[in-house]
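Asks: Got a structure for you, my_file.csv, holding CSV, C-alpha atoms (C1' of nucleotides).
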```
chain,number,residue,atom,x,y,z
V,1,MET,CA,6.8,-28.0,-27.5
V,2,PHE,CA,8.3,-27.8,-31.0
V,3,ARG,CA,6.7,-30.2,-33.3
V,4,GLY,CA,6.2,-30.8,-37.0
V,5,GLN,CA,7.9,-29.7,-40.2
V,6,PHE,CA,8.0,-26.5,-42.0
V,7,ILE,CA,9.7,-25.5,-45.3
V,8,HIS,CA,10.9,-21.9,-45.6
V,9,LYS,CA,12.9,-19.9,-48.1
V,10,ILE,CA,16.3,-18.6,-47.1
V,11,SER,CA,17.6,-15.3,-48.6
V,12,LYS,CA,20.9,-14.9,-50.3
V,13,THR,CA,22.2,-13.2,-47.2
V,14,GLY,CA,21.2,-16.1,-44.9
V,15,ARG,CA,18.0,-14.7,-43.5
V,16,ILE,CA,15.1,-17.1,-42.8
V,17,SER,CA,11.9,-16.8,-41.0
V,18,VAL,CA,11.3,-19.1,-38.0
V,19,PRO,CA,7.9,-20.9,-38.2
V,20,SER,CA,5.4,-18.8,-36.4
V,21,LYS,CA,4.3,-21.8,-34.2
V,22,PHE,CA,7.9,-22.1,-33.1
V,23,ARG,CA,8.1,-18.4,-32.3
V,24,ASP,CA,4.9,-18.6,-30.2
V,25,ASN,CA,6.3,-21.6,-28.3
V,26,LEU,CA,9.6,-19.8,-27.8
V,27,GLN,CA,7.9,-16.8,-26.3
V,28,LYS,CA,5.3,-18.6,-24.2
V,29,LYS,CA,7.2,-21.6,-22.9
V,30,TYR,CA,10.8,-20.4,-22.9
V,31,LYS,CA,10.4,-16.6,-22.5
V,32,THR,CA,13.0,-15.7,-25.0
V,33,ARG,CA,13.5,-14.3,-28.5
V,34,SER,CA,16.9,-15.9,-28.9
V,35,LEU,CA,18.1,-19.1,-30.2
V,36,VAL,CA,21.4,-20.9,-30.1
V,37,LEU,CA,22.3,-22.7,-33.3
V,38,SER,CA,24.9,-25.4,-33.5
V,39,THR,CA,25.9,-28.5,-35.5
V,40,PHE,CA,24.5,-32.0,-34.9
V,41,GLU,CA,24.9,-34.9,-37.3
V,42,ASN,CA,23.6,-33.6,-40.6
V,43,SER,CA,21.7,-30.5,-39.6
V,44,ILE,CA,21.7,-27.3,-37.6
V,45,ILE,CA,20.3,-27.9,-34.1
V,46,CYS,CA,18.5,-25.0,-32.5
V,47,TYR,CA,17.8,-24.5,-28.8
V,48,PRO,CA,15.9,-21.8,-27.0
V,49,LEU,CA,18.6,-19.7,-25.3
V,50,THR,CA,17.2,-20.6,-21.9
V,51,GLU,CA,17.4,-24.3,-22.6
V,52,TRP,CA,20.9,-24.0,-24.1
V,53,GLU,CA,22.1,-22.4,-20.9
V,54,LYS,CA,20.8,-25.3,-18.9
V,55,LEU,CA,22.7,-27.7,-21.2
V,56,GLU,CA,25.9,-25.6,-20.7
V,57,LYS,CA,25.5,-25.9,-16.9
V,58,LYS,CA,25.4,-29.7,-17.2
V,59,ILE,CA,28.4,-29.7,-19.4
V,60,LEU,CA,30.3,-27.6,-16.9
V,61,ASP,CA,29.9,-30.5,-14.4
V,62,LEU,CA,31.6,-33.0,-16.7
V,63,PRO,CA,35.3,-33.7,-15.9
V,64,GLN,CA,37.0,-31.0,-17.9
V,65,PHE,CA,40.1,-32.8,-19.1
V,66,LYS,CA,38.5,-36.0,-20.1
V,67,ARG,CA,38.9,-36.7,-23.8
V,68,GLU,CA,35.2,-37.2,-24.4
V,69,THR,CA,34.3,-33.9,-22.7
V,70,ILE,CA,36.7,-31.9,-24.8
V,71,GLU,CA,35.6,-33.6,-28.0
V,72,PHE,CA,31.9,-33.1,-27.2
V,73,GLU,CA,32.6,-29.4,-26.3
V,74,ARG,CA,34.6,-28.7,-29.4
V,75,TYR,CA,31.8,-30.0,-31.5
V,76,LEU,CA,28.7,-28.7,-29.8
V,77,ILE,CA,29.9,-25.5,-28.1
V,78,GLY,CA,32.6,-24.7,-30.6
V,79,ASN,CA,29.9,-24.4,-33.3
V,80,ALA,CA,27.3,-22.6,-31.3
V,81,HIS,CA,26.0,-19.2,-32.4
V,82,GLU,CA,23.4,-17.1,-30.6
V,83,CYS,CA,20.8,-15.6,-33.0
V,84,GLU,CA,18.0,-13.2,-32.1
V,85,ILE,CA,14.7,-13.2,-33.8
V,86,ASP,CA,14.0,-9.9,-35.6
V,87,GLY,CA,10.8,-7.9,-35.9
V,88,GLU,CA,9.6,-10.0,-38.9
V,89,GLY,CA,10.3,-13.3,-37.1
V,90,ARG,CA,13.5,-14.0,-39.0
V,91,ILE,CA,17.0,-15.0,-37.9
V,92,MET,CA,20.4,-14.8,-39.7
V,93,VAL,CA,21.9,-18.2,-40.1
V,94,PRO,CA,25.7,-17.8,-39.8
V,95,ASN,CA,27.6,-18.5,-43.0
V,96,ILE,CA,29.7,-21.1,-41.4
V,97,LEU,CA,26.7,-23.2,-40.6
V,98,ARG,CA,25.0,-22.5,-43.9
V,99,ASN,CA,28.1,-23.6,-45.8
V,100,THR,CA,28.6,-26.7,-43.6
V,101,PHE,CA,25.2,-28.0,-44.5
V,102,LYS,CA,24.8,-26.4,-47.9
V,103,ILE,CA,21.6,-24.6,-47.0
V,104,ASN,CA,21.0,-22.4,-50.0
V,105,ASP,CA,17.5,-22.1,-51.3
V,106,SER,CA,15.0,-23.7,-49.0
V,107,ALA,CA,15.4,-25.2,-45.5
V,108,ILE,CA,13.3,-27.6,-43.5
V,109,PHE,CA,12.5,-26.9,-39.8
V,110,VAL,CA,11.9,-30.1,-37.8
V,111,GLY,CA,10.5,-29.8,-34.3
V,112,LEU,CA,11.9,-32.1,-31.6
V,113,LEU,CA,10.0,-31.1,-28.5
V,114,SER,CA,12.6,-29.0,-26.6
V,115,ARG,CA,14.6,-28.1,-29.6
V,116,PHE,CA,14.4,-28.2,-33.4
V,117,GLU,CA,16.6,-28.8,-36.4
V,118,ILE,CA,17.2,-26.9,-39.7
V,119,TRP,CA,18.0,-29.2,-42.7
V,120,SER,CA,18.8,-28.6,-46.3
V,121,GLU,CA,16.0,-29.9,-48.5
V,122,LYS,CA,18.4,-32.4,-50.1
V,123,ASP,CA,19.7,-33.9,-46.9
V,124,TRP,CA,16.3,-34.0,-45.3
V,125,ASN,CA,14.8,-35.9,-48.2
V,126,LYS,CA,17.7,-38.4,-48.0
V,127,SER,CA,17.1,-38.9,-44.3
V,128,VAL,CA,13.3,-39.3,-44.8
V,129,LYS,CA,13.8,-42.2,-47.1
V,130,THR,CA,15.3,-44.2,-44.3
V,131,SER,CA,13.4,-42.6,-41.4
V,132,PHE,CA,10.6,-45.1,-41.2
V,133,LYS,CA,13.0,-48.0,-41.1
V,134,LYS,CA,15.1,-46.2,-38.4
V,135,PHE,CA,11.9,-45.5,-36.6
V,136,GLN,CA,11.0,-49.2,-36.7
V,137,ASN,CA,14.4,-50.0,-35.1
V,138,SER,CA,14.1,-47.3,-32.5
V,139,ARG,CA,10.6,-48.5,-31.7
V,140,GLU,CA,12.0,-51.7,-30.2
V,141,VAL,CA,13.8,-49.5,-27.7
V,142,ILE,CA,10.8,-47.5,-26.8
V,143,ASN,CA,8.3,-50.3,-26.5
V,144,GLU,CA,6.9,-49.3,-23.2
V,145,LEU,CA,5.6,-45.9,-24.4
L,1,MET,CA,-14.0,-44.5,-28.1
L,2,PHE,CA,-13.3,-43.8,-31.7
L,3,ARG,CA,-14.8,-46.5,-33.9
L,4,GLY,CA,-15.8,-47.0,-37.5
L,5,GLN,CA,-15.1,-45.5,-40.8
L,6,PHE,CA,-16.2,-42.2,-42.4
L,7,ILE,CA,-15.4,-40.7,-45.7
L,8,HIS,CA,-15.2,-36.9,-46.0
L,9,LYS,CA,-14.3,-34.4,-48.7
L,10,ILE,CA,-11.1,-32.3,-48.3
L,11,SER,CA,-11.0,-28.8,-49.7
L,12,LYS,CA,-8.2,-27.5,-52.0
L,13,THR,CA,-6.7,-25.7,-49.0
L,14,GLY,CA,-6.6,-28.9,-46.9
L,15,ARG,CA,-9.6,-28.3,-44.7
L,16,ILE,CA,-11.7,-31.3,-43.7
L,17,SER,CA,-14.5,-31.9,-41.2
L,18,VAL,CA,-13.9,-34.4,-38.4
L,19,PRO,CA,-16.7,-36.9,-38.1
L,20,SER,CA,-19.2,-35.6,-35.6
L,21,LYS,CA,-19.1,-38.8,-33.6
L,22,PHE,CA,-15.3,-38.4,-33.2
L,23,ARG,CA,-15.8,-34.7,-32.1
L,24,ASP,CA,-18.3,-35.7,-29.5
L,25,ASN,CA,-16.0,-38.4,-28.1
L,26,LEU,CA,-13.1,-35.9,-28.1
L,27,GLN,CA,-15.1,-33.4,-26.1
L,28,LYS,CA,-16.6,-35.8,-23.6
L,29,LYS,CA,-13.8,-38.3,-23.0
L,30,TYR,CA,-10.7,-36.2,-23.7
L,31,LYS,CA,-12.0,-32.7,-22.8
L,32,THR,CA,-10.2,-31.1,-25.8
L,33,ARG,CA,-10.9,-29.6,-29.2
L,34,SER,CA,-7.4,-30.2,-30.4
L,35,LEU,CA,-5.8,-33.0,-32.2
L,36,VAL,CA,-2.2,-33.9,-33.0
L,37,LEU,CA,-1.7,-35.4,-36.4
L,38,SER,CA,1.4,-37.3,-37.3
L,39,THR,CA,2.6,-40.0,-39.7
L,40,PHE,CA,2.5,-43.7,-39.0
L,41,GLU,CA,3.0,-46.3,-41.7
L,42,ASN,CA,0.7,-45.4,-44.5
L,43,SER,CA,-1.7,-42.9,-43.0
L,44,ILE,CA,-2.0,-39.8,-40.8
L,45,ILE,CA,-2.5,-40.8,-37.2
L,46,CYS,CA,-4.6,-38.6,-34.9
L,47,TYR,CA,-4.4,-38.3,-31.2
L,48,PRO,CA,-6.4,-36.2,-28.8
L,49,LEU,CA,-4.1,-33.4,-27.6
L,50,THR,CA,-4.3,-34.5,-24.0
L,51,GLU,CA,-3.3,-38.1,-24.9
L,52,TRP,CA,-0.5,-36.9,-27.1
L,53,GLU,CA,1.0,-34.8,-24.4
L,54,LYS,CA,1.3,-37.8,-22.1
L,55,LEU,CA,3.4,-39.5,-24.8
L,56,GLU,CA,5.6,-36.4,-25.1
L,57,LYS,CA,6.3,-36.3,-21.4
L,58,LYS,CA,7.6,-39.8,-21.6
L,59,ILE,CA,9.8,-39.0,-24.6
L,60,LEU,CA,11.2,-35.9,-22.8
L,61,ASP,CA,12.8,-38.2,-20.2
L,62,LEU,CA,14.8,-40.1,-22.8
L,63,PRO,CA,18.5,-39.2,-23.1
L,64,GLN,CA,18.5,-36.4,-25.7
L,65,PHE,CA,21.6,-37.3,-27.7
L,66,LYS,CA,21.1,-41.0,-28.0
L,67,ARG,CA,20.6,-42.2,-31.5
L,68,GLU,CA,17.4,-44.1,-30.9
L,69,THR,CA,15.8,-41.1,-29.2
L,70,ILE,CA,16.6,-38.8,-32.1
L,71,GLU,CA,15.4,-41.2,-34.8
L,72,PHE,CA,12.2,-41.8,-33.0
L,73,GLU,CA,11.7,-38.1,-32.5
L,74,ARG,CA,12.4,-37.1,-36.0
L,75,TYR,CA,9.8,-39.5,-37.3
L,76,LEU,CA,7.0,-39.1,-34.8
L,77,ILE,CA,7.5,-35.6,-33.4
L,78,GLY,CA,9.0,-34.2,-36.6
L,79,ASN,CA,5.8,-35.0,-38.4
L,80,ALA,CA,3.4,-34.0,-35.6
L,81,HIS,CA,1.1,-31.0,-36.0
L,82,GLU,CA,-1.4,-29.7,-33.6
L,83,CYS,CA,-4.8,-28.9,-35.2
L,84,GLU,CA,-7.7,-27.2,-33.5
L,85,ILE,CA,-11.2,-28.0,-34.5
L,86,ASP,CA,-12.9,-24.9,-35.8
L,87,GLY,CA,-16.5,-23.7,-35.3
L,88,GLU,CA,-17.8,-25.9,-38.2
L,89,GLY,CA,-16.0,-29.0,-36.9
L,90,ARG,CA,-13.2,-28.8,-39.3
L,91,ILE,CA,-9.4,-29.0,-39.1
L,92,MET,CA,-6.6,-27.9,-41.5
L,93,VAL,CA,-4.5,-30.9,-42.5
L,94,PRO,CA,-0.9,-29.5,-43.0
L,95,ASN,CA,0.3,-29.6,-46.6
L,96,ILE,CA,3.3,-31.7,-45.6
L,97,LEU,CA,1.1,-34.5,-44.4
L,98,ARG,CA,-1.3,-34.2,-47.2
L,99,ASN,CA,1.4,-34.5,-49.8
L,100,THR,CA,3.1,-37.4,-48.1
L,101,PHE,CA,0.0,-39.5,-48.2
L,102,LYS,CA,-1.5,-37.9,-51.4
L,103,ILE,CA,-4.7,-37.0,-49.8
L,104,ASN,CA,-6.5,-34.8,-52.4
L,105,ASP,CA,-10.1,-35.2,-52.9
L,106,SER,CA,-11.6,-37.5,-50.2
L,107,ALA,CA,-10.2,-39.0,-47.1
L,108,ILE,CA,-11.2,-42.0,-44.9
L,109,PHE,CA,-11.3,-41.6,-41.1
L,110,VAL,CA,-10.8,-44.9,-39.3
L,111,GLY,CA,-11.5,-45.1,-35.6
L,112,LEU,CA,-9.0,-47.1,-33.4
L,113,LEU,CA,-10.4,-46.7,-29.9
L,114,SER,CA,-8.0,-44.1,-28.3
L,115,ARG,CA,-6.9,-42.6,-31.6
L,116,PHE,CA,-7.9,-42.6,-35.3
L,117,GLU,CA,-6.3,-42.5,-38.7
L,118,ILE,CA,-6.8,-40.5,-41.9
L,119,TRP,CA,-6.2,-42.4,-45.2
L,120,SER,CA,-6.3,-41.5,-48.8
L,121,GLU,CA,-9.1,-43.4,-50.5
L,122,LYS,CA,-6.6,-45.2,-52.7
L,123,ASP,CA,-4.3,-46.4,-50.0
L,124,TRP,CA,-7.2,-47.4,-47.8
L,125,ASN,CA,-8.7,-49.6,-50.6
L,126,LYS,CA,-5.4,-51.2,-51.1
L,127,SER,CA,-5.0,-51.9,-47.4
L,128,VAL,CA,-8.5,-53.3,-47.2
L,129,LYS,CA,-7.7,-56.0,-49.7
L,130,THR,CA,-5.0,-57.5,-47.5
L,131,SER,CA,-6.5,-56.7,-44.1
L,132,PHE,CA,-8.4,-59.9,-43.6
L,133,LYS,CA,-5.2,-61.9,-44.2
L,134,LYS,CA,-3.3,-59.7,-41.8
L,135,PHE,CA,-6.0,-60.1,-39.3
L,136,GLN,CA,-5.7,-63.9,-39.6
L,137,ASN,CA,-2.0,-63.6,-38.8
L,138,SER,CA,-2.4,-61.2,-35.9
L,139,ARG,CA,-5.1,-63.4,-34.4
L,140,GLU,CA,-2.5,-66.0,-33.5
L,141,VAL,CA,-0.4,-63.5,-31.6
L,142,ILE,CA,-3.1,-61.8,-29.6
L,143,ASN,CA,-3.8,-64.6,-27.3
L,144,GLU,CA,-4.8,-63.0,-24.1
L,145,LEU,CA,-8.1,-61.5,-25.3
E,1,DG,C1',-42.4,-41.0,-46.7
E,2,DC,C1',-42.2,-36.3,-45.0
E,3,DG,C1',-40.6,-32.5,-42.4
E,4,DT,C1',-37.1,-31.1,-39.2
E,5,DA,C1',-32.6,-31.1,-37.2
E,6,DT,C1',-27.9,-31.9,-37.7
E,7,DT,C1',-23.8,-32.4,-40.3
E,8,DT,C1',-20.9,-31.5,-44.1
E,9,DT,C1',-19.3,-28.6,-47.8
E,10,DG,C1',-18.4,-24.4,-50.5
E,11,DT,C1',-17.5,-19.6,-50.8
E,12,DC,C1',-16.0,-15.2,-49.6
E,13,DA,C1',-13.9,-11.7,-46.6
E,14,DT,C1',-10.4,-10.9,-43.2
E,15,DA,C1',-6.2,-11.6,-40.7
E,16,DT,C1',-1.8,-13.5,-40.3
E,17,DT,C1',2.5,-15.2,-42.0
E,18,DT,C1',6.1,-15.4,-45.2
E,19,DT,C1',8.9,-13.4,-48.6
E,20,DG,C1',11.4,-9.9,-51.4
E,21,DG,C1',13.4,-5.5,-51.9
E,22,DC,C1',15.6,-1.5,-50.6
E,23,DA,C1',17.9,2.0,-47.7
E,24,DT,C1',20.7,2.6,-43.8
E,25,DA,C1',24.0,1.1,-40.3
E,26,DA,C1',27.7,-1.6,-38.8
E,27,DT,C1',31.9,-4.0,-39.6
E,28,DA,C1',36.2,-5.6,-41.6
E,29,DG,C1',40.0,-5.0,-44.7
E,30,DG,C1',43.3,-2.5,-47.0
Y,1,DC,C1',40.3,6.9,-43.1
Y,2,DC,C1',38.0,5.2,-47.0
Y,3,DT,C1',35.8,1.4,-49.3
Y,4,DA,C1',33.7,-3.0,-49.8
Y,5,DT,C1',31.1,-6.2,-47.6
Y,6,DT,C1',27.8,-7.8,-44.6
Y,7,DA,C1',24.1,-7.1,-41.3
Y,8,DT,C1',19.8,-4.8,-39.8
Y,9,DG,C1',15.4,-2.4,-39.9
Y,10,DC,C1',11.5,-1.2,-42.3
Y,11,DC,C1',7.9,-1.5,-45.8
Y,12,DA,C1',5.0,-3.8,-48.9
Y,13,DA,C1',3.5,-7.7,-51.9
Y,14,DA,C1',2.4,-12.5,-52.0
Y,15,DA,C1',0.9,-16.5,-50.0
Y,16,DT,C1',-1.6,-18.9,-46.6
Y,17,DA,C1',-4.6,-19.6,-42.7
Y,18,DT,C1',-8.8,-18.5,-40.2
Y,19,DG,C1',-13.6,-17.1,-39.4
Y,20,DA,C1',-18.2,-16.4,-40.8
Y,21,DC,C1',-22.1,-17.4,-43.4
Y,22,DA,C1',-25.1,-20.1,-46.1
Y,23,DA,C1',-26.2,-24.0,-49.2
Y,24,DA,C1',-26.3,-28.9,-49.8
Y,25,DA,C1',-26.4,-33.3,-48.1
Y,26,DT,C1',-27.5,-36.5,-44.7
Y,27,DA,C1',-29.6,-38.5,-40.6
Y,28,DC,C1',-33.5,-38.8,-37.5
Y,29,DG,C1',-38.2,-39.0,-35.5
Y,30,DC,C1',-42.8,-39.4,-36.3
```
What do you get writing this file as structure tokens?

Replies:
Amino acid sequence: MFRGQFIHKISKTGRISVPSKFRDNLQKKYKTRSLVLSTFENSIICYPLTEWEKLEKKILDLPQFKRETIEFERYLIGNAHECEIDGEGRIMVPNILRNTFKINDSAIFVGLLSRFEIWSEKDWNKSVKTSFKKFQNSREVINEL
Amino acid sequence: MFRGQFIHKISKTGRISVPSKFRDNLQKKYKTRSLVLSTFENSIICYPLTEWEKLEKKILDLPQFKRETIEFERYLIGNAHECEIDGEGRIMVPNILRNTFKINDSAIFVGLLSRFEIWSEKDWNKSVKTSFKKFQNSREVINEL
DNA sequence: GCGTATTTTGTCATATTTTGGCATAATAGG
DNA sequence: CCTATTATGCCAAAATATGACAAAATACGC
């Protein structure tokens, strides 16, 4: 499972090393060295390739001309890029995604069980400020846990 | 069961020894040498790995694009780090958590039955001052005991 | 209270991870 | 086809985590 937060430097060319714990999990649990990066809310969302493909299968079952399907696809699939992890444990974050989220110097990796997110420091800090409050609200929903 | 309070020194690198009573309980009752540390209110919350994984399983069943799920995950999972107890009974507290709660010199371990918390001395002392009053209020609510 | 056993803490050496730099390869644009 | 730009592979330095050992502090039994 992907968990926790890690802050890493990103090179001028968009290279960044994936946290080693994430890499281990990727290898052991998902048997892959590839990630699919896409956009979601204010950050880059990252799926193990194998998980992403499951998601695609589910999306294929949605009614293909329904407005919601198309809009969901344009957003999630239309921004998806496959990235392989190199020998040093790094990936290249595509420019389009980097520019969209203004990820320049450092980036925060945030584990979310079966996937993780990459945030710009600035946006993450902004989101953290309200995160406990949001958590409090979401807690109501998840009372039975 | 985890009970009571213990104060321990934390090294510059973030290493701290887990109270031996907690270690014994972890081994005997939960059959693990690993903890998961996360944030909750004003301290680091610590679960035996085996208990934590039960929680994760429940979370995995929630709809993954729903707002509440994500906000819950970002807060609880996004701050969760697995820590193994080493040969000397110590764990490494990740920098991110240490910085969040300003745990620098000494830390207080507080047992809460199936889990425990790690506090900075300062915050713990602050919380102690109001804790009897809070207890008085909570007493009204906890009727069925 | 005293001696022994256990627990906690400090230090150092080693291993792993992350980062930066550079040379080469691939690609796109003119 | 040549050039400019971007991507990739490789190496090494820096930063960080881990393991081992030993000293200090504390708890325990007598």

Asks: Give me, as a tab-separated table, each residue of chain V that comes within 8 Å of chain E, together with its shortest interatomic pair and the distance in Å at one decimal, counting all atoms listed in the file, with rows ordered by chain and rising residue number.

Replies:
```
residue	atom	partner	partner_atom	distance
V:Lys9	CA	E:DT19	C1'	7.6
V:Ser17	CA	E:DT18	C1'	7.3
V:Ser20	CA	E:DT17	C1'	7.3
```

Asks: At a cut-off of 9 Å, list the chain Y residues touching chain L, using all atoms listed in the file, as a PDB file with C-alpha atoms (C1' of nucleotides), in the frame of the given file.

Replies:
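Heads up, here's the output in iface-v7.pdb:
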```pdb
ATOM      1  C1'  DT Y  16      -1.600 -18.900 -46.600  1.00  0.00           C
ATOM      2  C1'  DA Y  17      -4.600 -19.600 -42.700  1.00  0.00           C
ATOM      3  C1'  DT Y  18      -8.800 -18.500 -40.200  1.00  0.00           C
ATOM      4  C1'  DG Y  19     -13.600 -17.100 -39.400  1.00  0.00           C
TER       5       DG Y  19
END
```

Asks: I'd like a table as a tab-separated table: residues in chain V with an atom no more than 6 Å from chain L, each row giving the shortest atom pair and its distance in Å to one decimal, only C-alpha atoms counted, sorted by chain and rising residue number.

Replies:
```
residue	atom	partner	partner_atom	distance
V:Arg3	CA	L:Ile77	CA	5.5
V:Gly4	CA	L:Gly78	CA	4.4
V:Gln5	CA	L:Gly78	CA	5.9
V:Val110	CA	L:Gly78	CA	5.2
V:Gly111	CA	L:Gly78	CA	5.2
V:Leu112	CA	L:Ile77	CA	5.9
V:Phe135	CA	L:Phe72	CA	5.2
V:Ser138	CA	L:Glu68	CA	4.9
```

Asks: Please determine the residues with any atom at most 12 Å from (-20.7, -40.9, -31.8) (coordinates as given in the file, with only C-alpha atoms (C1' of nucleotides) counting) and report them as a PyMOL selection string.

Replies: chain L and resi 1-6+18-29+111+113

Asks: Write the residues of the preceding selection, restricted to C-alpha atoms, as a compact mmCIF listing (two decimals), keeping the file's coordinate frame.

Replies:
```
# COMPACT_ATOMS: atom_id res chain seq x y z
CA MET L 1 -14.00 -44.50 -28.10
CA PHE L 2 -13.30 -43.80 -31.70
CA ARG L 3 -14.80 -46.50 -33.90
CA GLY L 4 -15.80 -47.00 -37.50
CA GLN L 5 -15.10 -45.50 -40.80
CA PHE L 6 -16.20 -42.20 -42.40
CA VAL L 18 -13.90 -34.40 -38.40
CA PRO L 19 -16.70 -36.90 -38.10
CA SER L 20 -19.20 -35.60 -35.60
CA LYS L 21 -19.10 -38.80 -33.60
CA PHE L 22 -15.30 -38.40 -33.20
CA ARG L 23 -15.80 -34.70 -32.10
CA ASP L 24 -18.30 -35.70 -29.50
CA ASN L 25 -16.00 -38.40 -28.10
CA LEU L 26 -13.10 -35.90 -28.10
CA GLN L 27 -15.10 -33.40 -26.10
CA LYS L 28 -16.60 -35.80 -23.60
CA LYS L 29 -13.80 -38.30 -23.00
CA GLY L 111 -11.50 -45.10 -35.60
CA LEU L 113 -10.40 -46.70 -29.90
```

Asks: Can you tell me how far atom CA of Ser11 of chain L sits from atom CA of Ser106 of chain L, in Å to one decimal?

Replies: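 Between these atoms lies a distance of 8.7 Å.
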
Asks: For atom CA of Thr100 of chain L and atom CA of Lys133 of chain V, determine how far apart the two atoms are, in Å to one decimal place.

Replies: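 Going from atom CA of Thr100 of chain L over to atom CA of Lys133 of chain V, I get 16.1 Å.
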
Asks: What's the 10 Å shell around Asp123 of chain V, counting only C-alpha atoms (C1' of nucleotides), without same-chain residues fewer than 5 positions away, as a list of chain:residue names?

Replies: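 Close residues of Asp123 of chain V: V:Asn42, V:Ser43, V:Phe101, V:Lys102, V:Ile103, V:Ala107, V:Ile108, V:Val128.
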
Asks: Take the residues from that selection and write them out as a tab-separated table (two decimals), in the frame of the given file, keeping C-alpha atoms.

Replies:
```tsv
chain	number	residue	atom	x	y	z
V	42	ASN	CA	23.60	-33.60	-40.60
V	43	SER	CA	21.70	-30.50	-39.60
V	101	PHE	CA	25.20	-28.00	-44.50
V	102	LYS	CA	24.80	-26.40	-47.90
V	103	ILE	CA	21.60	-24.60	-47.00
V	107	ALA	CA	15.40	-25.20	-45.50
V	108	ILE	CA	13.30	-27.60	-43.50
V	128	VAL	CA	13.30	-39.30	-44.80
```

Asks: By how many Å are atom CA of Val93 of chain V and atom CA of Phe116 of chain V apart?

Replies: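 Interatomic distance, atom CA of Val93 of chain V to atom CA of Phe116 of chain V: 14.2 Å.
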
Asks: Could the residues of segment 8-75 of chain V that have an atom at most 12 Å from segment 1-10 of chain Y be listed as JSON lines, each with its closest atom pair and the distance in Å to one decimal, counting all atoms listed in the file and ordered by chain and ascending residue number?

Replies:
```
{"residue": "V:Lys12", "atom": "CA", "partner": "Y:DT6", "partner_atom": "C1'", "distance": 11.4}
{"residue": "V:Thr13", "atom": "CA", "partner": "Y:DT6", "partner_atom": "C1'", "distance": 8.2}
{"residue": "V:Gly14", "atom": "CA", "partner": "Y:DA7", "partner_atom": "C1'", "distance": 10.1}
{"residue": "V:Arg15", "atom": "CA", "partner": "Y:DA7", "partner_atom": "C1'", "distance": 10.0}
```

Asks: Atoms to include: C-alpha atoms. Write the selected residues as an mmCIF file, in the frame of the given file.

Replies:
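Listing of result-v5.cif after writing:
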```
data_model
loop_
_atom_site.group_PDB
_atom_site.id
_atom_site.type_symbol
_atom_site.label_atom_id
_atom_site.label_comp_id
_atom_site.auth_asym_id
_atom_site.auth_seq_id
_atom_site.Cartn_x
_atom_site.Cartn_y
_atom_site.Cartn_z
ATOM 1 C CA LYS V 12 20.900 -14.900 -50.300
ATOM 2 C CA THR V 13 22.200 -13.200 -47.200
ATOM 3 C CA GLY V 14 21.200 -16.100 -44.900
ATOM 4 C CA ARG V 15 18.000 -14.700 -43.500
#
```

Asks: Compare V:Cys83, V:Ile7, V:Ile45, V:Ile91 by their minimum atom-to-atom distance to Arg115 of chain V, counting only C-alpha atoms, and give me the closest one.

Replies: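 With only C-alpha atoms as the atom set, the closest residue is V:Ile45.
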